[in-house]
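Q: Input my_file23.csv, format and content: CSV, C-alpha atoms.
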```
chain,number,residue,atom,x,y,z
H,522,ASP,CA,-24.6,-32.8,79.2
H,523,ALA,CA,-22.2,-34.4,81.7
H,524,LYS,CA,-19.9,-32.1,83.7
H,525,THR,CA,-16.2,-32.4,83.3
H,526,THR,CA,-13.4,-31.8,85.8
H,527,GLN,CA,-9.9,-30.7,84.7
H,528,PRO,CA,-6.9,-29.6,86.7
H,529,PRO,CA,-6.5,-25.8,86.4
H,530,SER,CA,-2.9,-25.9,85.3
H,531,MET,CA,-0.1,-28.2,84.2
H,532,ASP,CA,3.5,-27.9,83.1
H,533,CYS,CA,5.4,-29.9,80.6
H,534,ALA,CA,9.0,-29.9,79.3
H,535,GLU,CA,9.4,-29.2,75.6
H,536,GLY,CA,9.8,-32.4,73.6
H,537,ARG,CA,8.1,-34.5,76.2
H,538,ALA,CA,4.6,-36.0,76.1
H,539,ALA,CA,1.9,-33.9,77.7
H,540,ASN,CA,-0.9,-35.9,79.3
H,541,LEU,CA,-4.0,-33.9,80.2
H,542,PRO,CA,-6.6,-35.6,82.3
H,543,CYS,CA,-10.3,-35.1,82.3
H,544,ASN,CA,-12.9,-36.6,84.6
H,545,HIS,CA,-16.5,-37.1,83.3
H,546,SER,CA,-18.0,-39.6,85.7
H,547,THR,CA,-21.6,-38.8,84.8
H,548,ILE,CA,-21.1,-39.3,81.1
H,549,SER,CA,-24.0,-41.1,79.4
H,550,GLY,CA,-23.8,-43.7,76.6
H,551,ASN,CA,-24.5,-41.4,73.7
H,552,GLU,CA,-22.2,-38.5,74.8
H,553,TYR,CA,-18.9,-37.8,73.0
H,554,VAL,CA,-15.8,-36.4,74.5
H,555,TYR,CA,-14.4,-33.4,72.7
H,556,TRP,CA,-11.1,-31.6,73.2
H,557,TYR,CA,-10.5,-28.0,72.1
H,558,ARG,CA,-7.6,-25.7,72.9
H,559,GLN,CA,-7.3,-21.9,73.0
H,560,ILE,CA,-4.0,-20.3,72.4
H,561,HIS,CA,-3.8,-16.9,74.1
H,562,SER,CA,-6.3,-14.4,72.7
H,563,GLN,CA,-7.3,-16.7,69.7
H,564,GLY,CA,-10.5,-18.5,69.0
H,565,PRO,CA,-10.7,-22.1,70.2
H,566,GLN,CA,-9.3,-24.8,68.0
H,567,TYR,CA,-10.6,-28.3,67.6
H,568,ILE,CA,-8.2,-31.1,68.5
H,569,ILE,CA,-9.9,-34.5,68.7
H,570,HIS,CA,-13.1,-36.2,69.8
H,571,GLY,CA,-14.2,-39.8,70.7
H,572,LEU,CA,-17.1,-41.9,71.9
H,573,LYS,CA,-15.5,-45.0,73.5
H,574,ASN,CA,-12.6,-46.0,71.4
H,575,ASN,CA,-9.2,-44.5,71.6
H,576,GLU,CA,-8.5,-42.0,68.8
H,577,THR,CA,-5.4,-40.5,67.2
H,578,ASN,CA,-4.9,-37.8,64.7
H,579,GLU,CA,-2.1,-35.6,63.5
H,580,MET,CA,-2.4,-33.4,66.6
H,581,ALA,CA,-3.0,-35.7,69.5
H,582,SER,CA,-4.3,-39.0,70.9
H,583,LEU,CA,-7.3,-39.4,73.0
H,584,ILE,CA,-7.5,-42.3,75.5
H,585,ILE,CA,-10.9,-43.0,77.0
H,586,THR,CA,-11.1,-45.4,79.9
H,587,GLU,CA,-13.2,-48.5,79.5
H,588,ASP,CA,-15.9,-47.2,81.9
H,589,ARG,CA,-15.8,-43.9,80.0
H,590,LYS,CA,-15.6,-42.0,83.3
H,591,SER,CA,-12.4,-40.3,82.4
H,592,SER,CA,-10.1,-39.6,79.5
H,593,THR,CA,-6.6,-38.3,78.7
H,594,LEU,CA,-5.5,-36.1,75.9
H,595,ILE,CA,-1.9,-36.9,74.9
H,596,LEU,CA,0.3,-34.5,73.0
H,597,PRO,CA,3.2,-36.8,72.1
H,598,HIS,CA,6.0,-34.2,71.7
H,599,ALA,CA,4.9,-30.9,73.2
H,600,THR,CA,6.4,-27.7,71.7
H,601,LEU,CA,6.3,-24.2,73.0
H,602,ARG,CA,3.5,-23.5,70.6
H,603,ASP,CA,1.3,-26.0,72.4
H,604,THR,CA,1.1,-23.7,75.4
H,605,ALA,CA,-2.7,-23.0,75.6
H,606,VAL,CA,-5.8,-23.6,77.6
H,607,TYR,CA,-7.2,-27.1,76.9
H,608,TYR,CA,-10.9,-27.7,77.2
H,609,CYS,CA,-12.4,-31.2,77.7
H,610,ILE,CA,-16.1,-31.1,76.8
H,611,VAL,CA,-18.8,-33.8,76.9
H,612,SER,CA,-21.8,-33.4,74.7
H,613,GLY,CA,-24.4,-35.7,73.2
H,614,GLY,CA,-26.8,-35.5,70.4
H,615,SER,CA,-25.1,-32.7,68.5
H,616,ASN,CA,-21.8,-30.9,68.4
H,617,TYR,CA,-23.2,-27.5,69.1
H,618,LYS,CA,-24.2,-26.0,72.5
H,619,LEU,CA,-20.8,-27.0,73.7
H,620,THR,CA,-20.2,-26.0,77.3
H,621,PHE,CA,-16.7,-24.7,77.8
H,622,GLY,CA,-15.5,-24.8,81.4
H,623,LYS,CA,-12.3,-23.2,82.6
H,624,GLY,CA,-10.1,-25.9,81.1
H,625,THR,CA,-6.4,-26.7,81.9
H,626,LEU,CA,-3.7,-24.1,81.2
H,627,LEU,CA,-0.8,-26.2,79.8
H,628,THR,CA,2.5,-24.4,79.9
H,629,VAL,CA,5.3,-26.0,77.9
H,630,ASN,CA,8.7,-25.0,79.2
H,631,PRO,CA,12.0,-24.9,77.2
D,1354,ASN,CA,-11.0,-20.4,52.2
D,1355,ALA,CA,-10.8,-17.6,54.7
D,1356,GLY,CA,-12.7,-19.7,57.2
D,1357,VAL,CA,-14.7,-17.8,59.8
D,1358,THR,CA,-14.1,-14.0,59.8
D,1359,GLN,CA,-15.2,-11.5,62.4
D,1360,THR,CA,-15.3,-7.7,62.3
D,1361,PRO,CA,-14.3,-5.5,64.0
D,1362,LYS,CA,-11.4,-6.9,66.0
D,1363,PHE,CA,-11.7,-4.3,68.7
D,1364,GLN,CA,-14.6,-2.0,69.6
D,1365,VAL,CA,-15.2,0.5,72.4
D,1366,LEU,CA,-18.8,1.6,73.1
D,1367,LYS,CA,-20.5,3.8,75.6
D,1368,THR,CA,-23.3,2.5,77.7
D,1369,GLY,CA,-26.6,2.6,75.7
D,1370,GLN,CA,-25.0,2.6,72.3
D,1371,SER,CA,-26.0,-0.1,69.8
D,1372,MET,CA,-23.8,-2.0,67.4
D,1373,THR,CA,-23.5,-5.1,65.2
D,1374,LEU,CA,-20.7,-7.6,65.4
D,1375,GLN,CA,-20.2,-9.2,62.0
D,1376,CYS,CA,-19.5,-12.9,61.4
D,1377,ALA,CA,-19.1,-14.6,58.0
D,1378,GLN,CA,-18.0,-18.0,56.9
D,1379,ASP,CA,-17.1,-19.2,53.3
D,1380,MET,CA,-17.3,-22.9,54.0
D,1381,ASN,CA,-21.1,-23.3,53.2
D,1382,HIS,CA,-21.6,-24.4,56.8
D,1383,GLU,CA,-25.1,-25.0,58.0
D,1384,TYR,CA,-24.6,-24.2,61.7
D,1385,MET,CA,-23.3,-21.0,63.2
D,1386,SER,CA,-23.1,-19.7,66.7
D,1387,TRP,CA,-22.0,-16.8,69.0
D,1388,TYR,CA,-20.1,-17.2,72.2
D,1389,ARG,CA,-18.8,-14.7,74.8
D,1390,GLN,CA,-15.8,-15.2,76.9
D,1391,ASP,CA,-15.2,-13.2,80.1
D,1392,PRO,CA,-11.8,-12.9,81.6
D,1393,GLY,CA,-10.5,-16.1,83.1
D,1394,MET,CA,-13.7,-18.0,82.1
D,1395,GLY,CA,-14.8,-20.5,79.5
D,1396,LEU,CA,-17.0,-19.7,76.6
D,1397,ARG,CA,-20.8,-19.3,77.0
D,1398,LEU,CA,-23.2,-19.7,74.1
D,1399,ILE,CA,-25.3,-16.7,73.3
D,1400,HIS,CA,-27.3,-17.6,70.2
D,1401,TYR,CA,-27.0,-20.2,67.5
D,1402,SER,CA,-28.5,-21.0,64.1
D,1403,VAL,CA,-29.0,-24.3,62.4
D,1404,GLY,CA,-29.6,-22.8,59.0
D,1405,ALA,CA,-30.7,-19.7,57.1
D,1406,GLY,CA,-33.9,-18.3,58.7
D,1407,ILE,CA,-33.5,-20.4,61.9
D,1408,THR,CA,-32.1,-19.1,65.1
D,1409,ASP,CA,-32.4,-20.0,68.8
D,1410,GLN,CA,-31.2,-18.9,72.2
D,1411,GLY,CA,-28.2,-20.3,74.0
D,1412,GLU,CA,-27.2,-19.9,77.6
D,1413,VAL,CA,-26.9,-16.1,77.8
D,1414,PRO,CA,-29.1,-14.5,75.2
D,1415,ASN,CA,-30.4,-11.4,77.0
D,1416,GLY,CA,-29.3,-8.1,75.5
D,1417,TYR,CA,-28.4,-9.7,72.1
D,1418,ASN,CA,-30.3,-10.2,68.8
D,1419,VAL,CA,-29.4,-12.3,65.9
D,1420,SER,CA,-30.7,-13.1,62.4
D,1421,ARG,CA,-29.6,-15.5,59.7
D,1422,SER,CA,-30.8,-14.3,56.3
D,1423,THR,CA,-28.0,-16.0,54.4
D,1424,THR,CA,-25.9,-19.2,54.9
D,1425,GLU,CA,-22.7,-17.1,55.0
D,1426,ASP,CA,-23.5,-14.4,57.5
D,1427,PHE,CA,-24.6,-14.4,61.2
D,1428,PRO,CA,-24.5,-10.9,62.7
D,1429,LEU,CA,-24.9,-10.3,66.5
D,1430,ARG,CA,-26.6,-7.1,67.5
D,1431,LEU,CA,-26.2,-5.4,70.8
D,1432,LEU,CA,-29.4,-3.2,71.2
D,1433,SER,CA,-28.3,-1.1,74.2
D,1434,ALA,CA,-24.8,-1.9,75.3
D,1435,ALA,CA,-24.1,-2.3,79.0
D,1436,PRO,CA,-20.7,-2.6,80.9
D,1437,SER,CA,-21.7,-6.2,81.7
D,1438,GLN,CA,-21.4,-7.0,78.0
D,1439,THR,CA,-17.6,-6.2,78.0
D,1440,SER,CA,-16.2,-9.4,76.8
D,1441,VAL,CA,-14.5,-11.2,73.9
D,1442,TYR,CA,-17.0,-12.5,71.3
D,1443,PHE,CA,-16.4,-15.5,69.2
D,1444,CYS,CA,-18.3,-16.7,66.2
D,1445,ALA,CA,-18.2,-20.4,65.2
D,1446,SER,CA,-19.5,-22.6,62.4
D,1447,SER,CA,-19.7,-26.2,61.5
D,1448,GLN,CA,-20.9,-28.1,58.4
D,1449,THR,CA,-23.8,-29.7,60.2
D,1450,THR,CA,-24.9,-30.2,63.8
D,1451,GLY,CA,-23.8,-33.8,63.8
D,1452,THR,CA,-21.8,-35.1,66.7
D,1453,THR,CA,-18.8,-35.8,64.5
D,1454,ASP,CA,-18.5,-32.3,63.0
D,1455,THR,CA,-15.9,-29.9,64.1
D,1456,GLN,CA,-16.7,-26.3,65.1
D,1457,TYR,CA,-14.4,-23.7,63.5
D,1458,PHE,CA,-14.0,-20.5,65.5
D,1459,GLY,CA,-13.3,-17.0,64.3
D,1460,PRO,CA,-10.5,-14.8,65.8
D,1461,GLY,CA,-12.8,-12.9,68.1
D,1462,THR,CA,-14.1,-9.3,68.7
D,1463,ARG,CA,-12.9,-7.6,71.8
D,1464,LEU,CA,-15.6,-5.3,73.1
D,1465,THR,CA,-15.4,-2.8,75.9
D,1466,VAL,CA,-18.4,-1.0,77.1
D,1467,LEU,CA,-17.7,2.1,79.2
```
Could I get this structure in the form of structure tokens?

A:
Amino acid sequence: DAKTTQPPSMDCAEGRAANLPCNHSTISGNEYVYWYRQIHSQGPQYIIHGLKNNETNEMASLIITEDRKSSTLILPHATLRDTAVYYCIVSGGSNYKLTFGKGTLLTVNP
Amino acid sequence: NAGVTQTPKFQVLKTGQSMTLQCAQDMNHEYMSWYRQDPGMGLRLIHYSVGAGITDQGEVPNGYNVSRSTTEDFPLRLLSAAPSQTSVYFCASSQTTGTTDTQYFGPGTRLTVL
């Protein structure tokens, strides 16, 4: 599976959009981009995933560049409860054997 | 649905002791897995199962055994605990192994080996 690169930490003001970047320059054609988050001490929680089209659900939007070498997770109106470590994962062929790196610690400030 | 449940929530063992971490899901999911998370690190896959009676090794399987006799349960056994196994253990499940299926994680078991 392709490796991903994320900034170790980011800050965001409550109520503003949080834009979390992820680089995956070696992604191959059949690999999906998944985003999970982990709120302190809890199990990871699925957020969204995509292949090449932009995706949106009730939690977030996922923007994947046309060359698929990077993506951005957007939380449109961040709240304090969105403070968590966000993991960008690239995986193909199956949704298991996901490799969780260190992720990005997003801190939402009041 | 209770989702994915794990017991116990906390456990302290002495080096050399054995124990079983329990994981159960009530969603009739085909796929289940075990991860460990060391402080400040991401999750690493220990073992996984694609169905009852079928298990396979993940990235860090040494020192752990698993079995899958039913769809619902996927216990993780530590045969002889070592301090290096101090970690938080997460169990996960998904309906299938398809790329579009979400993994659901349990709340974790915090294990300390002295």

Q: Counting only C-alpha atoms, which of H:Ser530, H:Val629, H:Arg558, H:Ile569 gets nearest to Thr600 (chain H)?

A: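 Nearest candidate to Thr600 (chain H) out of H:Ser530, H:Val629, H:Arg558, H:Ile569: H:Val629.
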
Q: Considering all atoms listed in the file, return as a PyMOL selection string whatever protein or nucleic-acid residues lie within 12 Å of region 1384-1386 of chain D, sequence-local ones (same chain, fewer than 3 positions apart) excluded.

A: (chain H and resi 615-619) or (chain D and resi 1357+1375-1381+1389+1396-1412+1414+1419-1421+1423-1429+1442-1451+1454-1459)

Q: From the set H:His545, H:His570, H:Lys590, H:Arg537, which residue has the shortest atom-to-atom contact distance to chain D, counting all atoms listed in the file?

A: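 Among H:His545, H:His570, H:Lys590, H:Arg537, it is H:His570 that comes nearest to chain D.
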
Q: Just the number, please: distance in Å from CA of Thr625 (chain H) to CA of Tyr608 (chain H), one decimal.

A: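 Going from CA of Thr625 (chain H) over to CA of Tyr608 (chain H) covers 6.6 Å.
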
Q: Which residue out of H:Glu552, H:Glu579, H:Asp603, H:Asp588 has the minimum interatomic distance to chain D when all atoms listed in the file are used?

A: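 Residue with the minimum atom-to-atom distance to chain D: H:Glu552.
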
Q: From the set H:Ile548, H:Ile595, H:Cys533, H:Cys609, which residue has the shortest atom-to-atom contact distance to Leu583 (chain H), counting all atoms listed in the file?

A: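 For Leu583 (chain H), the nearest of the given residues is H:Ile595.
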
Q: Excluding same-chain residues fewer than 2 positions from Thr577 (chain H), what lies within 12 Å of it counting only C-alpha atoms, as a PDB file with C-alpha atoms, keeping the file's coordinate frame?

A:
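Output saved as selection_30.pdb:
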```pdb
ATOM      1  CA  ILE H 568      -8.200 -31.100  68.500  1.00  0.00           C
ATOM      2  CA  ILE H 569      -9.900 -34.500  68.700  1.00  0.00           C
ATOM      3  CA  HIS H 570     -13.100 -36.200  69.800  1.00  0.00           C
ATOM      4  CA  GLY H 571     -14.200 -39.800  70.700  1.00  0.00           C
ATOM      5  CA  ASN H 574     -12.600 -46.000  71.400  1.00  0.00           C
ATOM      6  CA  ASN H 575      -9.200 -44.500  71.600  1.00  0.00           C
ATOM      7  CA  GLU H 579      -2.100 -35.600  63.500  1.00  0.00           C
ATOM      8  CA  MET H 580      -2.400 -33.400  66.600  1.00  0.00           C
ATOM      9  CA  ALA H 581      -3.000 -35.700  69.500  1.00  0.00           C
ATOM     10  CA  SER H 582      -4.300 -39.000  70.900  1.00  0.00           C
ATOM     11  CA  LEU H 583      -7.300 -39.400  73.000  1.00  0.00           C
ATOM     12  CA  ILE H 584      -7.500 -42.300  75.500  1.00  0.00           C
ATOM     13  CA  ILE H 585     -10.900 -43.000  77.000  1.00  0.00           C
ATOM     14  CA  THR H 593      -6.600 -38.300  78.700  1.00  0.00           C
ATOM     15  CA  LEU H 594      -5.500 -36.100  75.900  1.00  0.00           C
ATOM     16  CA  ILE H 595      -1.900 -36.900  74.900  1.00  0.00           C
ATOM     17  CA  LEU H 596       0.300 -34.500  73.000  1.00  0.00           C
ATOM     18  CA  PRO H 597       3.200 -36.800  72.100  1.00  0.00           C
TER      19      PRO H 597
END
```

Q: Select, from D:Leu1431, D:Met1394, D:Met1372, D:Ala1355, the residue with the minimum atom-to-atom distance to chain H, counting all atoms listed in the file.

A: D:Met1394

Q: Report, in Å with one decimal, the straight-line distance from CA of Ser546 (chain H) to CA of Ala534 (chain H).

A: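 Separation between CA of Ser546 (chain H) and CA of Ala534 (chain H): 29.4 Å.
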
Q: Work out how far apart CA of Pro1436 (chain D) and CA of Ser1422 (chain D) are and give it in Å to one decimal.

A: 29.1 Å

Q: So which residues touch Ser1371 (chain D) within 9 Å, counting all atoms listed in the file, skipping near sequence neighbours fewer than 5 positions away, as a ChimeraX atom specification?

A: /D:1366,1430-1434

Q: Starting from the incomplete input, reconstruct all heavy atoms of region 522-533 of chain H and write that as a PDB file, in the frame of the given file.

A:
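Once written, out-v6.pdb looks like this:
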```pdb
ATOM      1  N   ASP H 522     -25.899 -32.232  79.458  1.00  0.00           N
ATOM      2  CA  ASP H 522     -24.600 -32.800  79.200  1.00  0.00           C
ATOM      3  C   ASP H 522     -23.819 -33.030  80.466  1.00  0.00           C
ATOM      4  O   ASP H 522     -23.977 -32.302  81.429  1.00  0.00           O
ATOM      5  CB  ASP H 522     -23.786 -31.877  78.260  1.00  0.00           C
ATOM      6  CG  ASP H 522     -24.394 -31.750  76.878  1.00  0.00           C
ATOM      7  OD1 ASP H 522     -25.100 -32.689  76.475  1.00  0.00           O
ATOM      8  OD2 ASP H 522     -24.177 -30.726  76.223  1.00  0.00           O
ATOM      9  N   ALA H 523     -22.984 -34.049  80.454  1.00  0.00           N
ATOM     10  CA  ALA H 523     -22.200 -34.400  81.700  1.00  0.00           C
ATOM     11  C   ALA H 523     -21.203 -33.271  81.960  1.00  0.00           C
ATOM     12  O   ALA H 523     -20.673 -32.613  81.072  1.00  0.00           O
ATOM     13  CB  ALA H 523     -21.504 -35.699  81.453  1.00  0.00           C
ATOM     14  N   LYS H 524     -20.929 -33.123  83.243  1.00  0.00           N
ATOM     15  CA  LYS H 524     -19.900 -32.100  83.700  1.00  0.00           C
ATOM     16  C   LYS H 524     -18.561 -32.749  83.611  1.00  0.00           C
ATOM     17  O   LYS H 524     -18.387 -33.952  83.801  1.00  0.00           O
ATOM     18  CB  LYS H 524     -20.285 -31.723  85.099  1.00  0.00           C
ATOM     19  CG  LYS H 524     -19.385 -30.662  85.666  1.00  0.00           C
ATOM     20  CD  LYS H 524     -19.771 -30.320  87.096  1.00  0.00           C
ATOM     21  CE  LYS H 524     -18.643 -29.510  87.705  1.00  0.00           C
ATOM     22  NZ  LYS H 524     -19.047 -28.312  88.305  1.00  0.00           N
ATOM     23  N   THR H 525     -17.566 -31.915  83.372  1.00  0.00           N
ATOM     24  CA  THR H 525     -16.200 -32.400  83.300  1.00  0.00           C
ATOM     25  C   THR H 525     -15.367 -31.678  84.401  1.00  0.00           C
ATOM     26  O   THR H 525     -15.675 -30.555  84.797  1.00  0.00           O
ATOM     27  CB  THR H 525     -15.543 -32.112  81.959  1.00  0.00           C
ATOM     28  OG1 THR H 525     -15.518 -30.691  81.732  1.00  0.00           O
ATOM     29  CG2 THR H 525     -16.316 -32.780  80.842  1.00  0.00           C
ATOM     30  N   THR H 526     -14.311 -32.346  84.854  1.00  0.00           N
ATOM     31  CA  THR H 526     -13.400 -31.800  85.800  1.00  0.00           C
ATOM     32  C   THR H 526     -11.973 -31.907  85.277  1.00  0.00           C
ATOM     33  O   THR H 526     -11.542 -33.004  84.894  1.00  0.00           O
ATOM     34  CB  THR H 526     -13.480 -32.525  87.178  1.00  0.00           C
ATOM     35  OG1 THR H 526     -14.824 -32.465  87.649  1.00  0.00           O
ATOM     36  CG2 THR H 526     -12.568 -31.882  88.204  1.00  0.00           C
ATOM     37  N   GLN H 527     -11.263 -30.779  85.239  1.00  0.00           N
ATOM     38  CA  GLN H 527      -9.900 -30.700  84.700  1.00  0.00           C
ATOM     39  C   GLN H 527      -9.024 -29.994  85.751  1.00  0.00           C
ATOM     40  O   GLN H 527      -9.495 -29.077  86.420  1.00  0.00           O
ATOM     41  CB  GLN H 527      -9.810 -30.005  83.406  1.00  0.00           C
ATOM     42  CG  GLN H 527     -10.588 -30.609  82.270  1.00  0.00           C
ATOM     43  CD  GLN H 527     -10.472 -29.757  81.010  1.00  0.00           C
ATOM     44  OE1 GLN H 527     -11.419 -29.058  80.624  1.00  0.00           O
ATOM     45  NE2 GLN H 527      -9.310 -29.810  80.381  1.00  0.00           N
ATOM     46  N   PRO H 528      -7.747 -30.357  85.841  1.00  0.00           N
ATOM     47  CA  PRO H 528      -6.900 -29.600  86.700  1.00  0.00           C
ATOM     48  C   PRO H 528      -6.706 -28.157  86.105  1.00  0.00           C
ATOM     49  O   PRO H 528      -6.713 -27.999  84.881  1.00  0.00           O
ATOM     50  CB  PRO H 528      -5.534 -30.325  86.648  1.00  0.00           C
ATOM     51  CG  PRO H 528      -5.613 -31.139  85.396  1.00  0.00           C
ATOM     52  CD  PRO H 528      -7.057 -31.455  85.191  1.00  0.00           C
ATOM     53  N   PRO H 529      -6.578 -27.148  86.934  1.00  0.00           N
ATOM     54  CA  PRO H 529      -6.500 -25.800  86.400  1.00  0.00           C
ATOM     55  C   PRO H 529      -5.225 -25.506  85.619  1.00  0.00           C
ATOM     56  O   PRO H 529      -5.246 -24.700  84.694  1.00  0.00           O
ATOM     57  CB  PRO H 529      -6.566 -24.898  87.656  1.00  0.00           C
ATOM     58  CG  PRO H 529      -6.256 -25.783  88.793  1.00  0.00           C
ATOM     59  CD  PRO H 529      -6.653 -27.151  88.409  1.00  0.00           C
ATOM     60  N   SER H 530      -4.124 -26.170  85.964  1.00  0.00           N
ATOM     61  CA  SER H 530      -2.900 -25.900  85.300  1.00  0.00           C
ATOM     62  C   SER H 530      -1.970 -27.118  85.301  1.00  0.00           C
ATOM     63  O   SER H 530      -2.066 -27.961  86.188  1.00  0.00           O
ATOM     64  CB  SER H 530      -2.161 -24.696  85.853  1.00  0.00           C
ATOM     65  OG  SER H 530      -1.781 -24.950  87.181  1.00  0.00           O
ATOM     66  N   MET H 531      -1.094 -27.192  84.303  1.00  0.00           N
ATOM     67  CA  MET H 531      -0.100 -28.200  84.200  1.00  0.00           C
ATOM     68  C   MET H 531       1.139 -27.670  83.514  1.00  0.00           C
ATOM     69  O   MET H 531       1.008 -26.761  82.679  1.00  0.00           O
ATOM     70  CB  MET H 531      -0.600 -29.444  83.431  1.00  0.00           C
ATOM     71  CG  MET H 531      -1.734 -30.199  84.061  1.00  0.00           C
ATOM     72  SD  MET H 531      -2.207 -31.631  83.074  1.00  0.00           S
ATOM     73  CE  MET H 531      -0.724 -32.617  83.177  1.00  0.00           C
ATOM     74  N   ASP H 532       2.288 -28.249  83.829  1.00  0.00           N
ATOM     75  CA  ASP H 532       3.500 -27.900  83.100  1.00  0.00           C
ATOM     76  C   ASP H 532       4.065 -29.115  82.412  1.00  0.00           C
ATOM     77  O   ASP H 532       3.825 -30.263  82.825  1.00  0.00           O
ATOM     78  CB  ASP H 532       4.582 -27.395  84.126  1.00  0.00           C
ATOM     79  CG  ASP H 532       4.271 -26.009  84.645  1.00  0.00           C
ATOM     80  OD1 ASP H 532       3.768 -25.202  83.862  1.00  0.00           O
ATOM     81  OD2 ASP H 532       4.515 -25.747  85.839  1.00  0.00           O
ATOM     82  N   CYS H 533       4.804 -28.848  81.354  1.00  0.00           N
ATOM     83  CA  CYS H 533       5.400 -29.900  80.600  1.00  0.00           C
ATOM     84  C   CYS H 533       6.696 -29.393  79.964  1.00  0.00           C
ATOM     85  O   CYS H 533       6.763 -28.217  79.560  1.00  0.00           O
ATOM     86  CB  CYS H 533       4.451 -30.383  79.482  1.00  0.00           C
ATOM     87  SG  CYS H 533       5.099 -31.663  78.394  1.00  0.00           S
TER      88      CYS H 533
END
```
